[in-house]
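Here the structure comes first, spelled out in structure tokens, and everything after it is commentary.
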Amino acid sequence: MTSNDHARPGTDIRDIPEAGLDQALDLAYLAFHLKPGDKTRRYHRELLEACARIGVYDGEQLAGLAAAHRLTLSVPGGQLPCAAVDFVSVAPTRRRRGALTAMMDELWRRCAVEGRPLACLWASESAIYGRFGFGAATEAYGIEIDSSRPLALRIAPDRRPLRLIDPADAPAVLAPRYDASLAHRAGRFTRDEEWWRKQVLDLNGARMNAEQDGFGAVRVVVLGAPGEVPGGYAVYRTRGAGEGRPGRVAVEELEAESAPAAAALWSYLASIDLTTTVVVEARPADDPLLHLVADRDQVRVTGQEPALWVRLVDVRAALTARSWASPVDLVIDLSDPALPANAGRFRLTAGPDGATWTSTTEAPDIALDVRELASCYLGGTRLRNLVQAGLATEHTPGAVRRLDAALETEWLPFTGENS
């Protein structure tokens with residue numbers, strides 16, 4: 001399939017065939033300065049095989065690559081099909097010549113054809129994607145626990161048994177607990193068994209992560225008796241002390257049904273012999289851990305950064321599919337230079353029974369760009385903060401506060417995994 005009818009003049013946009021996967025990987029490694037081993041290359045090739053693949057060509061030479069995983073994302077009150085953008089690469093000789101814009105244009109077209117109202121990505125360079133309408137919609141904290149002494153807690157941990165399970169058996173055991181979390185936190189992806197095995201558990205050891213150098217194989221600890229839905233679980237790796245470095249526990253993922261369940265898991269991780277530090281690359285900004293520890297100095301936030309960037313490809317479909325915390329009736333003047341069908345003046349009427357998004361000529365209560373609307377969509381960003389930053393305009397006093405109240409979610413959105 002070729003899509004040049006929709007491409008920018010002078011840009012040769014084509015599907016990347018399976019025979020071109022090695023060329024695509026070579027371009028990605030060139031762009032990201034990577035030199036993976038054979039196992040990791042095979043892993044990346046399998047990922048690309050399952051993706052939609054958009055290429056920019058100079059003759060038969062691939063000059064640009066954008067891939068999209070066909071995933072489903074949890075949103076407040078439901079789930080929506082989403083194009084998770086990955087492997088975005090442009091040859092150094094083709095930069096600033098419209099290749100990325102052409103690939104994004106083609107991606108929007110394909111999202112419309114496939115009925116995907118959302119796109120998302122993890123931005124390697126955050127300055128790039130705002131101009132394509134992506135907004136930072138979830139936030140992640142890096143956390144470090146001083147485990148040289150027992151973890152002091154303000155609540156009693158869940159007393160159910162903790163047990164280590166074979167990672168190969170983990171998808172069937174962990175999936176019910178993870179799936180239950182989708183209804184509570186937006187910004188999470190539904191998972192099939194293959195995604196569990198390759199992306200989450202890395203059972204073939206092919207996923208490349210420089211921060212994990214020297215760490216052992218993945219371990220899985222579960223809270224609860226066999227045969228029941230776990231009260232929680234943690235996926236982690238350990239590294240013993242040596243060569244002047246302390247022993248560490250690196251937590252890949254932790255899910256818990258309650259604060260006592262979380263307390264039990266964190267206590268376990270902080271008590272593993274021959275380790276003195278627990279590190280976590282990504283936790284929600286409202287993680288209860290930061291409150292349930294008795295000594296706040298024992299838990300340190302080591303970083304704070306945007307995680308998942310979201311693009312509302314079809315604004316009407318996205319807004320009418322999510323739930324709303326309180327009634328709101330406002331006119332919004334929305335700009336979207338990349339997708340003019342989204343732009344204009346619309347009346348949003350929403351509440352617990354659903355929402356409508358209809359064109360209007362009435363005076364606007366709020367004016368903003370689709371990028372800012374995307375940042376607020378999952379409930380992780382307050383529109384009032386964007387107004388204070390000069391990125392949106394409130395024309396009617398109180399309108400922004402009412403919209404923030406309607407967008408609010410009980411738990412902040414969170415995306416812990418990176419495709």
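For the structure tokens, the naming scheme is as follows: chains receive sequential letters (A, B, ...) according to their order of presentation, residues are indexed from 1 within each chain, and ligands are indexed from 1 in presentation order.
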
- Message: Could you go through range 151-320 of chain A and tell me which residues DSSP, when run on the backbone, assigns to strand (DSSP E), listing them as a VMD selection string?
- Response: chain A and resid 162 to 165 219 to 223 232 to 239 248 to 256 277 to 283 299 to 306 309 to 312

- Item | Selection: 7 Å around Arg300 in chain A, only C-alpha atoms, excl. self and same-chain fewer than 2 positions, as a list of chain:residue names | A:Ile143, A:Glu144, A:Ile145, A:Asp297, A:Gln298, A:Thr302

- Using only C-alpha atoms, which residues sit within 9 Å of range 104-109 of chain A once same-chain residues fewer than 2 positions away are excluded, as a list in words? Ser3, His6, Ala7, Arg8, Ile13, Ile54, Ala66, Ala67, Ala68, Ala83, Ala99, Leu100, Thr101, Ala102, Cys111, Ala112, Val113, Glu114, Ala119, Phe132, Val313, Ala338 and Leu339 of chain A

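Coordinates place CA of Val218 in chain A at a distance of 20.0 Å from CA of Thr415 in chain A.
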
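If you count only C-alpha atoms and ignore residues fewer than 6 places along the chain from range 200-203 of chain A, what sits within 9 Å of it is A:Pro167, A:Ala168, A:Ala170, A:Pro171, A:Ala217, A:Val218, A:Arg219, A:Val220, A:Val235, A:Glu252, A:Glu253, A:Glu417.
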
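Within range 214-363 of chain A, DSSP applied to the backbone places the following residues in alpha helix (DSSP H): Ala259, Pro260, Ala261, Ala262, Ala263, Ala264, Leu265, Trp266, Ser267, Tyr268, Leu269, Leu289, Leu290, His291, Leu292, Val315, Arg316, Ala317, Ala318, Leu319, Thr320 and Ala321 of chain A.
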
- Task: Compare A:Ala156, A:Leu383, A:Ala343, A:Ala84 by their minimum atom-to-atom distance to Ser267 in chain A, counting only C-alpha atoms, and give me the closest one.
- Result: A:Ala156

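Between Ala367 in chain A and the residues A:Gly351, A:Gly390, A:Gly78, A:Gly224, the shortest atom-to-atom distance, using only C-alpha atoms, involves A:Gly390.
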
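Nearest residue to Leu330 in chain A, choosing from A:Thr138, A:Gln388, A:Gln304, A:Thr396 and counting only C-alpha atoms: A:Thr396.
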
- Task: Could you jot down the CA of Cys376 in chain A to CA of Pro288 in chain A separation for me, Å, one decimal place?
- Result: 22.3 Å

- Message: Can you pull out the residues contacting Pro413 in chain A? Cut-off 8 Å, using only C-alpha atoms, and skip same-chain residues under 2 positions away; I want them as a ChimeraX atom specification.
- Response: /A:137-139,185-188,284,378-380,411,415
